[in-house]
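**Student:** Sharing coords.csv here; it has CSV, C-alpha atoms.
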```csv
chain,number,residue,atom,x,y,z
A,1,MET,CA,53.2,55.8,146.3
A,2,ALA,CA,53.9,57.7,149.4
A,3,LEU,CA,52.4,61.1,149.8
A,4,GLN,CA,55.0,63.8,150.6
A,5,LEU,CA,53.8,66.9,152.2
A,6,ASN,CA,56.0,70.0,152.2
A,7,LEU,CA,55.0,71.9,155.2
A,8,LEU,CA,57.9,74.5,154.8
A,9,HIS,CA,57.0,75.4,151.2
A,10,GLU,CA,56.4,79.1,152.2
A,11,GLU,CA,59.8,79.3,153.8
A,12,PHE,CA,61.3,77.7,150.7
A,13,LYS,CA,59.5,80.2,148.5
A,14,GLU,CA,60.8,83.1,150.5
A,15,GLU,CA,64.3,81.7,150.4
A,16,ARG,CA,64.1,81.3,146.6
A,17,GLN,CA,62.7,84.8,146.3
A,18,ARG,CA,65.4,86.2,148.5
A,19,LYS,CA,68.0,84.5,146.3
A,20,ARG,CA,66.7,85.8,143.0
A,21,ASP,CA,66.1,89.3,144.4
A,22,PRO,CA,66.7,91.5,141.2
A,23,LEU,CA,68.1,94.4,143.3
A,24,LYS,CA,70.6,92.1,145.0
A,25,LEU,CA,71.5,90.4,141.7
A,26,GLY,CA,71.7,93.8,140.0
A,27,LEU,CA,74.0,95.2,142.8
A,28,ILE,CA,76.2,92.1,142.5
A,29,GLY,CA,76.3,92.5,138.7
A,30,LEU,CA,77.0,96.2,139.1
A,31,GLY,CA,79.7,95.6,141.6
A,32,CYS,CA,81.4,93.1,139.2
A,33,PHE,CA,81.1,95.4,136.3
A,34,GLY,CA,82.4,98.2,138.5
A,35,VAL,CA,85.5,96.2,139.4
A,36,ILE,CA,86.1,95.4,135.7
A,37,LEU,CA,85.7,99.1,134.9
A,38,PHE,CA,88.0,100.0,137.7
A,39,LEU,CA,90.7,97.6,136.5
A,40,TYR,CA,90.3,98.9,132.9
A,41,TYR,CA,90.7,102.5,134.3
A,42,ALA,CA,93.7,101.4,136.3
A,43,TRP,CA,95.2,99.9,133.2
A,44,ASN,CA,94.6,103.1,131.3
A,45,ALA,CA,95.9,105.3,134.1
A,46,TYR,CA,99.1,103.2,134.1
A,47,GLY,CA,99.5,103.7,130.4
A,48,THR,CA,98.8,107.4,130.8
A,49,MET,CA,101.5,107.6,133.6
A,50,LYS,CA,103.9,106.0,131.2
A,51,ILE,CA,103.1,108.5,128.6
A,52,ARG,CA,103.5,111.3,131.1
A,53,GLY,CA,106.9,110.0,131.8
A,54,GLN,CA,107.7,110.1,128.1
A,55,LEU,CA,106.3,113.6,128.0
A,56,ASN,CA,108.5,114.7,130.8
A,57,LEU,CA,111.5,113.3,129.0
A,58,ALA,CA,110.6,115.1,125.8
A,59,GLN,CA,110.0,118.3,127.7
A,60,ALA,CA,113.4,118.0,129.4
A,61,GLU,CA,115.1,117.4,126.1
A,62,TRP,CA,113.3,120.3,124.6
A,63,ALA,CA,114.2,122.5,127.5
A,64,LYS,CA,117.9,121.5,126.9
A,65,VAL,CA,117.7,122.2,123.1
A,66,GLU,CA,115.5,125.3,123.1
A,67,PRO,CA,118.1,127.8,124.4
A,68,GLN,CA,120.6,126.3,122.0
A,69,VAL,CA,118.3,126.5,119.0
A,70,THR,CA,117.2,130.1,120.0
A,71,ALA,CA,120.8,131.1,120.0
A,72,ALA,CA,121.5,129.2,116.8
A,73,GLN,CA,118.5,131.0,115.1
A,74,LYS,CA,119.8,134.3,116.3
A,75,ARG,CA,123.3,133.5,115.0
A,76,ALA,CA,122.0,132.2,111.7
A,77,THR,CA,120.1,135.5,111.2
A,78,GLU,CA,123.2,137.4,112.1
A,79,LEU,CA,125.3,135.3,109.7
A,80,HIS,CA,122.8,135.7,106.9
A,81,GLN,CA,122.9,139.4,107.5
A,82,ILE,CA,126.7,139.4,107.5
A,83,ILE,CA,126.8,137.4,104.3
A,84,ASP,CA,124.2,139.6,102.6
A,85,SER,CA,126.0,142.8,103.8
A,86,THR,CA,129.4,141.5,102.7
A,87,LYS,CA,127.9,140.7,99.2
A,88,VAL,CA,126.4,144.2,98.9
A,89,LEU,CA,129.6,145.8,100.1
A,90,ASP,CA,131.8,143.7,97.8
A,91,ALA,CA,129.5,144.6,94.9
A,92,ARG,CA,130.0,148.3,95.8
A,93,ILE,CA,133.7,147.8,96.0
A,94,GLU,CA,133.9,145.9,92.7
A,95,ASN,CA,131.7,148.4,90.9
A,96,ARG,CA,133.7,151.4,91.9
A,97,PHE,CA,135.1,153.5,89.2
A,98,TYR,CA,138.9,153.9,89.5
A,99,TRP,CA,139.9,157.4,88.6
A,100,ALA,CA,143.6,156.9,88.6
A,101,PRO,CA,143.7,154.8,85.4
A,102,PHE,CA,141.5,157.4,83.7
A,103,LEU,CA,143.8,160.2,84.8
A,104,SER,CA,146.7,158.2,83.5
A,105,ILE,CA,145.0,157.9,80.1
A,106,ILE,CA,144.5,161.6,80.0
A,107,SER,CA,148.1,162.3,81.0
A,108,GLN,CA,149.4,160.0,78.3
A,109,SER,CA,147.1,161.4,75.6
A,110,VAL,CA,148.0,165.1,76.1
A,111,ALA,CA,150.8,166.2,73.7
A,112,PRO,CA,153.2,169.0,74.6
A,113,ASN,CA,151.3,171.5,72.4
A,114,ILE,CA,148.1,171.0,74.4
A,115,GLN,CA,147.5,172.5,77.8
A,116,LEU,CA,144.6,171.4,79.8
A,117,THR,CA,143.1,174.1,82.1
A,118,SER,CA,140.2,172.2,83.6
A,119,LEU,CA,138.9,168.7,84.1
A,120,ASP,CA,135.6,168.0,85.7
A,121,GLY,CA,134.6,164.4,86.0
A,122,THR,CA,131.5,163.0,87.6
A,123,ILE,CA,129.8,159.6,88.0
A,124,THR,CA,126.3,160.1,86.9
A,125,ASP,CA,123.2,158.4,88.5
A,126,ASN,CA,123.1,155.7,85.8
A,127,GLY,CA,126.7,154.8,86.4
A,128,THR,CA,128.3,156.3,83.4
A,129,ILE,CA,131.2,158.7,83.6
A,130,SER,CA,130.8,162.2,82.3
A,131,VAL,CA,133.9,164.3,82.0
A,132,SER,CA,134.3,167.9,80.8
A,133,LEU,CA,137.8,168.8,79.6
A,134,GLU,CA,138.9,172.4,78.9
A,135,GLY,CA,142.2,173.4,77.4
A,136,LEU,CA,144.3,175.2,74.8
A,137,ALA,CA,145.7,173.6,71.7
A,138,ALA,CA,148.7,175.4,70.0
A,139,ALA,CA,149.8,174.5,66.5
A,140,ARG,CA,149.9,175.8,63.0
A,141,GLU,CA,146.5,174.3,62.8
A,142,PRO,CA,145.3,174.5,66.4
A,143,ARG,CA,141.9,173.0,65.5
A,144,ALA,CA,143.6,169.9,64.0
A,145,ALA,CA,145.7,169.6,67.1
A,146,ALA,CA,142.6,169.6,69.3
A,147,GLU,CA,140.9,167.1,67.0
A,148,GLU,CA,144.0,164.9,67.3
A,149,LEU,CA,143.6,165.0,71.0
A,150,ARG,CA,139.9,164.1,70.8
A,151,GLN,CA,140.7,161.1,68.5
A,152,LEU,CA,143.5,159.9,70.7
A,153,LEU,CA,141.4,160.2,73.8
A,154,SER,CA,138.6,158.4,72.1
A,155,GLU,CA,141.0,155.5,71.0
A,156,GLN,CA,142.6,155.3,74.4
A,157,LEU,CA,139.4,155.3,76.3
A,158,GLU,CA,137.8,152.7,74.0
A,159,LYS,CA,140.6,150.3,75.0
A,160,HIS,CA,139.5,150.4,78.6
A,161,TYR,CA,135.9,151.4,78.7
A,162,SER,CA,132.7,150.9,76.6
A,163,ASP,CA,130.2,153.2,74.9
A,164,VAL,CA,132.9,155.9,74.7
A,165,LYS,CA,131.8,159.3,73.2
A,166,VAL,CA,134.2,162.1,73.0
A,167,THR,CA,132.8,165.2,71.5
A,168,PHE,CA,133.6,168.9,71.3
A,169,LYS,CA,131.3,171.1,73.2
A,170,ASN,CA,133.2,174.2,72.0
A,171,LEU,CA,136.2,174.8,69.8
A,172,GLU,CA,137.2,178.4,69.0
A,173,ASP,CA,140.3,180.0,67.5
A,174,LEU,CA,142.0,182.5,69.7
A,175,ASP,CA,143.3,185.8,68.3
A,176,THR,CA,146.4,185.8,70.6
A,177,LEU,CA,149.5,183.8,69.7
A,178,VAL,CA,151.0,181.6,72.4
A,179,ASP,CA,154.7,180.9,72.9
A,180,LEU,CA,155.4,177.3,72.0
A,181,ALA,CA,159.1,176.4,72.5
A,182,GLY,CA,160.0,180.0,71.7
A,183,VAL,CA,157.8,180.1,68.6
A,184,PRO,CA,154.7,182.2,68.5
A,185,THR,CA,151.9,179.8,67.5
A,186,ALA,CA,148.3,180.1,66.8
A,187,SER,CA,146.0,178.6,69.4
A,188,ALA,CA,142.5,177.4,69.9
A,189,ARG,CA,140.4,176.9,73.1
A,190,PHE,CA,138.4,173.8,73.3
A,191,VAL,CA,135.9,172.3,75.6
A,192,MET,CA,135.4,168.5,75.3
A,193,ASN,CA,132.8,166.2,76.7
A,194,MET,CA,133.6,162.6,77.3
A,195,ILE,CA,130.9,160.1,78.3
A,196,PHE,CA,131.7,156.4,78.7
A,197,ASN,CA,130.6,153.3,80.5
A,198,PRO,CA,133.2,152.2,83.1
A,199,LYS,CA,132.7,148.6,82.2
A,200,PRO,CA,135.5,147.3,80.0
A,201,PRO,CA,134.7,146.7,76.4
A,202,ASP,CA,135.6,143.0,76.7
A,203,SER,CA,135.7,141.9,80.3
A,204,SER,CA,137.7,138.7,79.5
A,205,LYS,CA,140.6,140.8,78.2
A,206,LYS,CA,141.7,142.4,81.4
A,207,SER,CA,140.7,142.2,84.9
A,208,GLU,CA,140.2,145.3,87.1
A,209,PRO,CA,143.1,144.7,89.5
A,210,ALA,CA,145.5,144.3,86.7
A,211,LYS,CA,144.2,147.5,85.2
A,212,GLU,CA,144.7,149.2,88.6
A,213,ASN,CA,148.3,148.1,88.9
A,214,GLN,CA,149.1,149.2,85.4
A,215,ALA,CA,147.6,152.6,86.1
A,216,LYS,CA,149.6,152.9,89.2
A,217,GLU,CA,152.8,152.1,87.3
A,218,ASN,CA,151.8,154.6,84.6
A,219,MET,CA,151.2,157.3,87.2
A,220,GLU,CA,154.7,156.7,88.6
A,221,LYS,CA,156.2,157.7,85.3
A,222,PRO,CA,156.4,161.5,84.9
A,223,ALA,CA,153.3,162.8,83.2
A,224,ALA,CA,153.9,164.6,79.9
A,225,LYS,CA,151.5,167.4,80.5
B,1,MET,CA,57.5,74.8,133.1
B,2,LYS,CA,55.8,78.1,133.0
B,3,PRO,CA,58.1,81.2,133.5
B,4,LYS,CA,57.3,83.0,136.6
B,5,ARG,CA,56.1,86.5,136.1
B,6,LEU,CA,57.9,89.3,137.9
B,7,ASN,CA,56.0,91.1,140.5
B,8,LYS,CA,55.8,94.9,140.7
B,9,ASP,CA,58.4,95.1,143.4
B,10,GLN,CA,60.9,93.1,141.3
B,11,ILE,CA,60.2,95.2,138.2
B,12,GLN,CA,60.9,98.4,140.2
B,13,LYS,CA,64.1,96.9,141.5
B,14,ILE,CA,65.2,95.9,138.0
B,15,PHE,CA,64.4,99.4,136.8
B,16,LEU,CA,66.4,100.8,139.7
B,17,SER,CA,69.3,98.5,138.9
B,18,THR,CA,69.2,99.6,135.2
B,19,LEU,CA,69.2,103.2,136.2
B,20,GLY,CA,72.2,102.6,138.5
B,21,PHE,CA,74.0,100.8,135.7
B,22,ILE,CA,73.4,103.7,133.3
B,23,ALA,CA,74.5,106.2,135.9
B,24,LEU,CA,77.6,104.2,136.6
B,25,ILE,CA,78.5,104.0,132.9
B,26,TYR,CA,77.8,107.7,132.4
B,27,CYS,CA,79.9,108.7,135.4
B,28,TYR,CA,82.7,106.3,134.5
B,29,PHE,CA,83.1,107.6,130.9
B,30,THR,CA,82.3,111.3,131.8
B,31,PHE,CA,84.4,111.8,134.9
B,32,PHE,CA,87.0,109.1,134.8
B,33,LEU,CA,87.9,107.4,131.5
B,34,GLY,CA,87.0,110.4,129.3
B,35,PRO,CA,89.3,113.0,131.0
B,36,LEU,CA,92.0,110.3,131.3
B,37,ASN,CA,91.9,109.5,127.6
B,38,LYS,CA,91.7,113.2,126.7
B,39,SER,CA,94.8,114.0,128.7
B,40,ARG,CA,96.5,111.0,127.2
B,41,VAL,CA,95.7,112.1,123.7
B,42,THR,CA,96.8,115.7,124.6
B,43,MET,CA,100.1,114.3,126.0
B,44,ILE,CA,100.7,112.1,122.9
B,45,GLN,CA,100.1,115.2,120.7
B,46,THR,CA,102.4,117.3,122.9
B,47,ILE,CA,105.1,114.6,122.8
B,48,GLY,CA,104.8,114.4,119.0
B,49,ASP,CA,105.1,118.2,118.7
B,50,LEU,CA,108.0,118.3,121.1
B,51,GLN,CA,109.8,115.5,119.3
B,52,ALA,CA,109.2,117.2,115.9
B,53,LYS,CA,110.4,120.5,117.3
B,54,THR,CA,113.5,118.9,118.9
B,55,ALA,CA,114.3,117.0,115.7
B,56,SER,CA,113.9,120.2,113.5
B,57,SER,CA,115.9,122.1,116.1
B,58,LYS,CA,118.7,119.6,115.9
B,59,THR,CA,118.6,119.9,112.1
B,60,GLU,CA,118.7,123.7,112.5
B,61,LEU,CA,121.7,123.4,114.9
B,62,ARG,CA,123.5,121.4,112.3
B,63,LYS,CA,122.6,123.8,109.6
B,64,THR,CA,123.8,126.8,111.7
B,65,ALA,CA,127.1,124.9,112.3
B,66,ASN,CA,127.5,124.4,108.6
B,67,LEU,CA,126.6,128.0,107.9
B,68,GLU,CA,129.1,129.1,110.4
B,69,GLN,CA,131.8,127.2,108.5
B,70,GLN,CA,130.6,128.5,105.2
B,71,ALA,CA,130.4,132.1,106.4
B,72,LYS,CA,133.9,132.1,107.9
B,73,GLU,CA,135.3,133.9,104.9
B,74,ALA,CA,132.4,136.4,104.8
B,75,THR,CA,132.6,137.0,108.5
B,76,GLY,CA,136.3,137.6,108.3
B,77,ARG,CA,135.9,140.0,105.4
B,78,TYR,CA,133.0,141.8,107.2
B,79,GLU,CA,135.1,142.3,110.3
B,80,ALA,CA,138.0,143.6,108.1
B,81,LEU,CA,135.6,146.0,106.5
B,82,GLN,CA,134.2,147.1,109.9
B,83,LYS,CA,137.7,147.8,111.0
B,84,THR,CA,138.1,150.4,108.2
B,85,THR,CA,135.9,152.6,110.3
B,86,GLN,CA,137.8,154.1,113.2
B,87,ASP,CA,136.3,154.8,116.6
B,88,GLY,CA,134.6,158.1,117.2
B,89,ALA,CA,132.7,160.5,115.0
B,90,PRO,CA,133.9,160.4,111.4
B,91,ILE,CA,134.1,164.2,111.3
B,92,ALA,CA,136.7,163.9,114.0
B,93,TRP,CA,139.0,161.4,112.3
B,94,PHE,CA,138.4,161.4,108.6
B,95,PRO,CA,139.7,165.0,107.7
B,96,PRO,CA,143.0,164.5,109.6
B,97,LYS,CA,143.4,161.1,108.0
B,98,MET,CA,143.0,162.6,104.5
B,99,ARG,CA,145.3,165.5,105.4
B,100,ALA,CA,147.9,163.0,106.6
B,101,PHE,CA,147.4,160.7,103.6
B,102,PHE,CA,147.8,163.5,101.0
B,103,SER,CA,150.7,165.0,103.0
B,104,ASP,CA,152.5,161.7,102.6
B,105,HIS,CA,152.1,162.1,98.9
B,106,ARG,CA,153.6,165.6,99.0
B,107,ILE,CA,150.2,167.3,98.6
B,108,ASP,CA,150.0,169.8,101.4
B,109,LYS,CA,147.1,171.9,102.7
B,110,ALA,CA,144.5,169.2,101.9
B,111,SER,CA,141.3,169.7,103.7
B,112,ALA,CA,138.2,167.6,104.0
B,113,ARG,CA,134.7,168.6,105.0
B,114,LEU,CA,131.6,166.6,105.4
B,115,GLU,CA,129.1,167.4,102.7
B,116,SER,CA,126.3,165.0,103.6
B,117,SER,CA,125.5,162.0,105.6
B,118,SER,CA,122.7,159.5,105.0
B,119,ASP,CA,121.5,156.0,105.5
B,120,PHE,CA,121.5,153.4,102.8
B,121,LYS,CA,118.3,152.3,101.1
B,122,GLU,CA,119.5,148.7,101.0
B,123,PRO,CA,118.3,146.8,104.1
B,124,GLU,CA,121.6,144.8,104.1
B,125,LEU,CA,123.5,148.0,104.8
B,126,SER,CA,121.3,149.2,107.7
B,127,ASP,CA,124.4,149.1,110.0
B,128,TRP,CA,126.3,151.3,107.6
B,129,ILE,CA,126.2,155.0,106.8
B,130,LYS,CA,127.1,156.9,103.6
B,131,ASP,CA,129.1,160.1,104.0
B,132,ILE,CA,130.0,162.4,101.2
B,133,TRP,CA,133.2,164.4,101.7
B,134,ALA,CA,134.6,167.3,99.8
B,135,ILE,CA,138.4,167.1,99.8
B,136,GLU,CA,140.1,170.3,98.6
B,137,MET,CA,143.7,170.5,97.6
B,138,PRO,CA,144.8,174.1,96.6
B,139,GLU,CA,148.2,173.0,95.3
B,140,SER,CA,148.8,169.7,93.7
B,141,ASP,CA,150.8,168.4,90.8
B,142,TYR,CA,149.1,166.1,88.4
B,143,SER,CA,151.4,163.1,88.6
B,144,GLY,CA,151.5,163.3,92.4
B,145,LEU,CA,147.7,163.6,92.5
B,146,GLY,CA,147.4,160.5,90.2
B,147,ARG,CA,149.6,158.4,92.4
B,148,ALA,CA,147.8,159.6,95.5
B,149,ILE,CA,144.4,158.8,94.0
B,150,ALA,CA,145.7,155.3,92.9
B,151,GLU,CA,146.9,154.7,96.4
B,152,LEU,CA,143.7,155.9,97.9
B,153,GLU,CA,141.5,153.8,95.7
B,154,ASN,CA,143.7,150.7,96.4
B,155,THR,CA,143.9,151.1,100.1
B,156,GLU,CA,140.4,152.4,101.0
B,157,PRO,CA,138.0,149.8,99.6
B,158,LEU,CA,134.9,151.6,101.0
B,159,LEU,CA,135.8,154.9,99.6
B,160,SER,CA,134.8,155.9,96.0
B,161,LEU,CA,135.4,159.1,94.3
B,162,GLN,CA,132.2,160.5,92.9
B,163,ARG,CA,133.6,163.6,91.3
B,164,VAL,CA,137.0,164.9,90.4
B,165,VAL,CA,137.6,168.5,89.6
B,166,ILE,CA,141.0,169.8,88.5
B,167,HIS,CA,141.7,173.4,87.6
B,168,ALA,CA,145.0,174.8,86.5
B,169,VAL,CA,146.3,177.6,88.7
B,170,PRO,CA,147.0,180.5,86.4
B,171,GLU,CA,149.9,181.9,88.4
B,172,GLN,CA,151.6,178.6,89.1
B,173,PRO,CA,151.3,176.4,86.0
B,174,GLN,CA,153.0,173.5,87.7
B,175,PHE,CA,150.1,173.3,90.2
B,176,GLN,CA,146.5,172.4,90.0
B,177,GLN,CA,143.6,173.1,92.3
B,178,VAL,CA,141.8,169.9,93.0
B,179,SER,CA,138.5,169.0,94.5
B,180,LEU,CA,137.5,165.4,95.2
B,181,TYR,CA,134.1,164.3,96.2
B,182,ALA,CA,134.5,161.0,98.0
B,183,GLU,CA,131.8,158.7,99.2
B,184,THR,CA,132.7,156.6,102.2
B,185,VAL,CA,130.8,153.7,103.6
B,186,LEU,CA,131.3,153.7,107.4
B,187,PHE,CA,130.1,151.3,110.0
B,188,LYS,CA,127.7,152.8,112.6
B,189,LYS,CA,129.4,152.6,116.0
```
Please rewrite the model in this file as structure tokens.
**Tutor:**
Amino acid sequence: MALQLNLLHEEFKEERQRKRDPLKLGLIGLGCFGVILFLYYAWNAYGTMKIRGQLNLAQAEWAKVEPQVTAAQKRATELHQIIDSTKVLDARIENRFYWAPFLSIISQSVAPNIQLTSLDGTITDNGTISVSLEGLAAAREPRAAAEELRQLLSEQLEKHYSDVKVTFKNLEDLDTLVDLAGVPTASARFVMNMIFNPKPPDSSKKSEPAKENQAKENMEKPAAK
Amino acid sequence: MKPKRLNKDQIQKIFLSTLGFIALIYCYFTFFLGPLNKSRVTMIQTIGDLQAKTASSKTELRKTANLEQQAKEATGRYEALQKTTQDGAPIAWFPPKMRAFFSDHRIDKASARLESSSDFKEPELSDWIKDIWAIEMPESDYSGLGRAIAELENTEPLLSLQRVVIHAVPEQPQFQQVSLYAETVLFKK
């Protein structure tokens, strides 16, 4: 067997050591890893740029819609206010008490032997109508004539209104005789109170506008007062 | 074959490389990938918010358009009610209007004065004002008055009579003295 002598073993060793220098290997590894990380970062950055593009689109769309929606919100608020205001105003209009039909009832109920001297009607805070009626009744039995008027008023008002109460506040005979169609007749002074709810007794019977028109027609006829 | 043991120099170099690796990872995640991901997440959230807002806004636009259609009648009615209030101070135009109105019904010498003026308690009527007027008619016949009141109530929807006082005139039995207390709802101009 031939003997082989390696006279360059030290150089070989150095060469080997240089090749497996940990710092060099580490730097190479680090570099490779850095490249991988950079590529990953670039990939992510590309994705982010795409998202930024989507964001810009969304922002542009929002910028287009925002003024419209702000105006729409303002208009919606305005419309809601108009609708609510109209409802409240309509309710006020519908819940008004119409005096003309009431005056018509009074006019139709007063007989020729009755003279009204005063009428004072008020809408109270709770919505009921309170009326004070003063006048003179002339007849052989003036109190009976006044009572007839009270009953007639009560009947007539009950046809159109609810919770009707017609009461005498005062009824007194007068000493003086009044001239009724040329005949001296006994008389009595009365003060009547009427309280009623303006709502109709049965709302399905008659509607308010029909009642108004009827009252207007009645008022056009000469009042027998 | 026996594994070769690392010398001190090599161990130092390996340690240095490990440190460099850790520093690289730290810097990469802290200064590069972290902020990038953070901004991406923020942008995605913003996009989501904007898209949701845009979608809800479009729904709202549609709703407003529908509401506009539905409110056409109310809007028209509201405008008509607004027009019942004339331009200028009510004290300037309401008394002459009443005088002319009753004069048309052969009731002369009618006068109107402002009793009180106040705002409504209802928030829906914040643009409206409530005026109370006293309308005096020294000479009026009952039937003419009734017709005039019927006409007034039918033509003035925002006027309601709160009190009616009628007194017979002793010297002229065919006439009555009349006081009307009218509440008007007027648009603030």
**Student:** Could you write out as an MDAnalysis selection string the residues of chain B within 7 Å of chain A, counting all atoms listed in the file?
**Tutor:** chainID B and resid 10 13:14 17 21 33 36 40 43 47 50:51 54 57 61 64 71 74:75 78 124:125 143 146:147 149:150 153 157:158 160 162:168
**Student:** Quick one: residues within 10 Å of Met98 in chain B, all atoms listed in the file, excluding same-chain residues fewer than 6 positions away - as a list in words?
**Tutor:**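 The contact residues come out as Asp104, Ala110, Ser111, Ala112, Ile135 and Leu152 of chain B.
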**Student:** Calculated over only C-alpha atoms, which of the candidates A:Gln4, A:Thr176, A:Ser154, A:Asn197 has the smallest distance to Ile105 in chain A?
**Tutor:** A:Ser154
**Student:** Quick one, how far is CA of Ala144 in chain A from CA of Pro170 in chain B?
**Tutor:**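 Interatomic distance here is 25.0 Å.
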**Student:** So, counting all atoms listed in the file, which residue among A:Asp202, A:Ile114, A:Asp163, A:Glu11 is closest to Phe190 in chain A?
**Tutor:**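 Ranked by minimum distance to Phe190 in chain A, first place goes to A:Ile114.
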**Student:** Measure the distance from CA of Gly20 in chain B to CA of Pro35 in chain B in Å and round it to one decimal.
**Tutor:**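 It comes out at 21.4 Å.
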**Student:** For each of A:Ala188, A:Ile106, A:Ala111, A:Ala139, take the minimum atom-to-atom distance to Asp173 in chain A, counting all atoms listed in the file, then give the residue where this is smallest.
**Tutor:**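 Going through A:Ala188, A:Ile106, A:Ala111, A:Ala139 one by one, the smallest distance to Asp173 in chain A is for A:Ala188.
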**Student:** Quick one: pull the distance between CA of Phe32 in chain B and CA of Leu19 in chain B, Å, one decimal.
**Tutor:**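 Distance reported for this atom pair: 18.8 Å.
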**Student:** Find the residues with any atom within 6 Å of (127.1, 153.3, 101.6); use all atoms listed in the file and the coordinates as given in the file, and write the answer as a PyMOL selection string.
**Tutor:** chain B and resi 120+129-130+185
**Student:** Write to file, as a CSV table (one decimal), in the frame of the given file, the residues of the selection just made, with C-alpha atoms.
**Tutor:**
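Output saved as again02.csv:
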```csv
chain,number,residue,atom,x,y,z
B,120,PHE,CA,121.5,153.4,102.8
B,129,ILE,CA,126.2,155.0,106.8
B,130,LYS,CA,127.1,156.9,103.6
B,185,VAL,CA,130.8,153.7,103.6
```
